[in-house]
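For reference, structure.cif (mmCIF, C-alpha atoms, pLDDT in the B column; chains and numbers go by the auth columns):
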```cif
data_input
#
loop_
_atom_site.group_PDB
_atom_site.id
_atom_site.type_symbol
_atom_site.label_atom_id
_atom_site.label_comp_id
_atom_site.label_asym_id
_atom_site.label_seq_id
_atom_site.Cartn_x
_atom_site.Cartn_y
_atom_site.Cartn_z
_atom_site.B_iso_or_equiv
_atom_site.auth_seq_id
_atom_site.auth_asym_id
ATOM 1 C CA MET A 1 -6.198 -5.473 2.287 80.00 30 A
ATOM 2 C CA ASN A 2 -3.812 -7.035 4.756 87.00 31 A
ATOM 3 C CA VAL A 3 -0.081 -6.975 5.422 90.00 32 A
ATOM 4 C CA GLY A 4 1.652 -9.169 2.853 91.00 33 A
ATOM 5 C CA ASP A 5 -0.844 -8.545 0.025 90.00 34 A
ATOM 6 C CA THR A 6 0.473 -7.508 -3.393 92.00 35 A
ATOM 7 C CA VAL A 7 -0.863 -4.153 -4.632 90.00 36 A
ATOM 8 C CA THR A 8 -0.275 -1.778 -7.539 88.00 37 A
ATOM 9 C CA ILE A 9 0.456 1.848 -6.601 84.00 38 A
ATOM 10 C CA PRO A 10 0.701 4.995 -8.715 82.00 39 A
ATOM 11 C CA PHE A 11 4.310 6.159 -9.022 82.00 40 A
ATOM 12 C CA GLY A 12 5.392 8.982 -11.302 84.00 41 A
ATOM 13 C CA LYS A 13 3.799 8.548 -14.724 86.00 42 A
ATOM 14 C CA GLY A 14 3.439 4.802 -14.319 86.00 43 A
ATOM 15 C CA LYS A 15 2.589 2.186 -11.746 86.00 44 A
ATOM 16 C CA LYS A 16 4.693 -0.012 -9.493 87.00 45 A
ATOM 17 C CA GLU A 17 3.854 -3.294 -7.838 91.00 46 A
ATOM 18 C CA GLY A 18 4.771 -3.968 -4.245 93.00 47 A
ATOM 19 C CA VAL A 19 3.874 -5.729 -1.013 94.00 48 A
ATOM 20 C CA VAL A 20 1.942 -4.088 1.828 93.00 49 A
ATOM 21 C CA ALA A 21 4.321 -3.687 4.769 94.00 50 A
ATOM 22 C CA ARG A 22 2.176 -1.694 7.211 93.00 51 A
ATOM 23 C CA ILE A 23 -1.328 -0.221 7.485 91.00 52 A
ATOM 24 C CA SER A 24 -2.032 2.651 9.835 90.00 53 A
ATOM 25 C CA GLY A 25 -5.282 4.634 9.779 87.00 54 A
ATOM 26 C CA LYS A 26 -5.738 5.929 6.225 88.00 55 A
ATOM 27 C CA THR A 27 -2.101 5.326 5.236 91.00 56 A
ATOM 28 C CA VAL A 28 -0.408 2.279 3.696 91.00 57 A
ATOM 29 C CA TRP A 29 3.336 1.591 3.502 94.00 58 A
ATOM 30 C CA VAL A 30 4.278 -0.509 0.480 93.00 59 A
ATOM 31 C CA LYS A 31 7.655 -2.230 0.005 95.00 60 A
ATOM 32 C CA VAL A 32 8.730 -1.724 -3.635 94.00 61 A
ATOM 33 C CA ASP A 33 11.879 -2.944 -5.396 93.00 62 A
ATOM 34 C CA PHE A 34 13.716 -0.320 -7.454 90.00 63 A
ATOM 35 C CA PRO A 35 16.904 -0.996 -9.458 90.00 64 A
ATOM 36 C CA ARG A 36 19.164 0.830 -6.991 94.00 65 A
ATOM 37 C CA HIS A 37 16.934 0.659 -3.892 94.00 66 A
ATOM 38 C CA PRO A 38 15.556 -2.832 -3.292 93.00 67 A
ATOM 39 C CA GLY A 39 12.949 -2.979 -0.533 93.00 68 A
ATOM 40 C CA LYS A 40 12.213 0.778 -0.456 93.00 69 A
ATOM 41 C CA LEU A 41 9.131 1.778 1.558 95.00 70 A
ATOM 42 C CA ILE A 42 6.637 4.036 -0.221 91.00 71 A
ATOM 43 C CA ARG A 43 3.781 5.707 1.674 92.00 72 A
ATOM 44 C CA ARG A 44 0.395 6.162 -0.011 88.00 73 A
ATOM 45 C CA LYS A 45 -3.126 6.987 1.117 89.00 74 A
ATOM 46 C CA ILE A 46 -5.590 4.103 0.928 87.00 75 A
ATOM 47 C CA HIS A 47 -7.886 6.005 -1.441 85.00 76 A
ATOM 48 C CA GLN A 48 -5.026 6.395 -3.979 81.00 77 A
ATOM 49 C CA LEU A 49 -4.770 2.641 -4.530 77.00 78 A
ATOM 50 C CA ASN A 50 -6.441 1.099 -7.558 58.00 79 A
ATOM 51 C CA GLU A 51 -8.328 -1.505 -5.571 54.00 80 A
ATOM 52 C CA LYS A 52 -11.558 -0.754 -3.790 54.00 81 A
ATOM 53 C CA VAL A 53 -10.903 -1.183 -0.103 51.00 82 A
ATOM 54 C CA THR A 54 -13.586 -1.863 2.483 54.00 83 A
ATOM 55 C CA ARG A 55 -12.871 -1.178 6.100 57.00 84 A
ATOM 56 C CA LYS A 56 -14.819 -2.422 9.069 56.00 85 A
ATOM 57 C CA LYS A 57 -16.107 0.359 11.263 61.00 86 A
ATOM 58 C CA GLY A 58 -17.291 -0.102 14.780 58.00 87 A
ATOM 59 C CA LYS A 59 -16.095 -0.778 18.263 64.00 88 A
ATOM 60 C CA ALA A 60 -13.407 -3.339 18.923 58.00 89 A
ATOM 61 C CA SER A 61 -14.602 -6.187 21.141 52.00 90 A
#
```

Now that the file is in, can you turn its structure into structure tokens?
Amino acid sequence: MNVGDTVTIPFGKGKKEGVVARISGKTVWVKVDFPRHPGKLIRRKIHQLNEKVTRKKGKAS
């Protein structure tokens, strides 16, 4: 998962589709378009997303 990818997030009783705006630690900010709030940022934990996400662990070179 990278910034700019399209993902589906749980929202209320349904699901919404949006674009990843920011990734920080275990949190993802997704930009979702609502009828009265276009471009709203929604924060979700990575483990709540439908996709399986693999993260690289280790020291940065």

Open item on the list: On this structure, the PyMOL selection byres ((chain A and resi 51) around 10) would catch which residues? List them as a ChimeraX atom specification, sorted by chain and number.
Closed with: /A:31-33,48-50,52-53,56-60,70,72

- [ ] Go through A:Gly43, A:Met30, A:Lys74, A:Ile38 one by one, measure the shortest atom-to-atom distance of each to Val61 in chain A using all atoms listed in the file, and give the residue with the smallest value.
- [x]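 Answer, going by the shortest atom-to-atom distance: A:Ile38.
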
TODO: Return the single residue from A:Phe63, A:Glu46, A:Val36, A:Gly54 that is closest to Leu78 in chain A, with distances computed using all atoms listed in the file.
DONE: A:Val36

Task: d(CA of Asp34 in chain A, CA of Pro64 in chain A) in Å - done: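 Spanning CA of Asp34 in chain A to CA of Pro64 in chain A is a straight-line distance of 21.5 Å.
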
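In this structure, CA of Lys55 in chain A sits 19.8 Å away from CA of Lys69 in chain A.
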
Extract chain A from the coordinates I pasted, and write it as a compact mmCIF listing (two decimals), in the first residue's frame (atoms kept: C-alpha atoms).
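Output contents, as saved in result20.txt:
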```txt
# COMPACT_ATOMS: atom_id res chain seq x y z
CA MET A 30 0.00 0.00 0.00
CA ASN A 31 1.35 3.36 -1.04
CA VAL A 32 0.10 6.94 -1.15
CA GLY A 33 -2.23 7.32 -4.12
CA ASP A 34 -3.56 3.74 -4.07
CA THR A 35 -7.33 3.17 -4.14
CA VAL A 36 -8.67 1.22 -1.15
CA THR A 37 -12.05 0.20 0.26
CA ILE A 38 -12.66 1.09 3.92
CA PRO A 39 -15.43 0.11 6.32
CA PHE A 40 -17.75 3.05 7.01
CA GLY A 41 -20.97 2.73 8.98
CA LYS A 42 -22.92 -0.29 7.77
CA GLY A 43 -21.34 -0.21 4.34
CA LYS A 44 -18.05 0.44 2.62
CA LYS A 45 -16.56 3.49 0.94
CA GLU A 46 -13.84 3.74 -1.66
CA GLY A 47 -11.11 6.32 -1.40
CA VAL A 48 -7.49 7.20 -2.11
CA VAL A 49 -4.68 6.80 0.43
CA ALA A 50 -3.49 10.29 1.40
CA ARG A 51 -1.01 9.49 4.18
CA ILE A 52 0.47 6.49 6.00
CA SER A 53 1.94 6.86 9.46
CA GLY A 54 2.88 3.89 11.65
CA LYS A 55 -0.22 1.70 11.95
CA THR A 56 -2.61 4.42 10.76
CA VAL A 57 -3.83 5.32 7.26
CA TRP A 58 -5.59 8.53 6.19
CA VAL A 59 -7.94 8.00 3.26
CA LYS A 60 -9.46 10.80 1.16
CA VAL A 61 -13.14 9.95 0.54
CA ASP A 62 -15.76 11.91 -1.41
CA PHE A 63 -19.10 12.37 0.36
CA PRO A 64 -22.10 14.21 -1.14
CA ARG A 65 -21.66 17.28 1.07
CA HIS A 66 -17.97 16.85 1.98
CA PRO A 67 -15.81 16.13 -1.07
CA GLY A 68 -12.23 15.20 -0.20
CA LYS A 69 -12.89 14.40 3.48
CA LEU A 70 -10.03 12.63 5.29
CA ILE A 71 -10.96 9.47 7.19
CA ARG A 72 -8.50 7.81 9.58
CA ARG A 73 -8.40 4.01 9.87
CA LYS A 74 -6.01 1.44 11.30
CA ILE A 75 -4.16 -0.65 8.73
CA HIS A 76 -5.57 -3.90 10.11
CA GLN A 77 -9.16 -2.66 9.51
CA LEU A 78 -8.66 -2.50 5.74
CA ASN A 79 -9.93 -5.35 3.59
CA GLU A 80 -6.63 -5.89 1.83
CA LYS A 81 -3.82 -7.88 3.34
CA VAL A 82 -0.96 -5.50 3.89
CA THR A 83 2.67 -6.55 4.20
CA ARG A 84 5.13 -4.20 5.79
CA LYS A 85 8.88 -4.39 5.60
CA LYS A 86 10.52 -4.60 8.99
CA GLY A 87 14.14 -3.90 9.63
CA LYS A 88 16.65 -1.13 9.83
CA ALA A 89 16.64 1.67 7.31
CA SER A 90 19.87 1.86 5.31
```
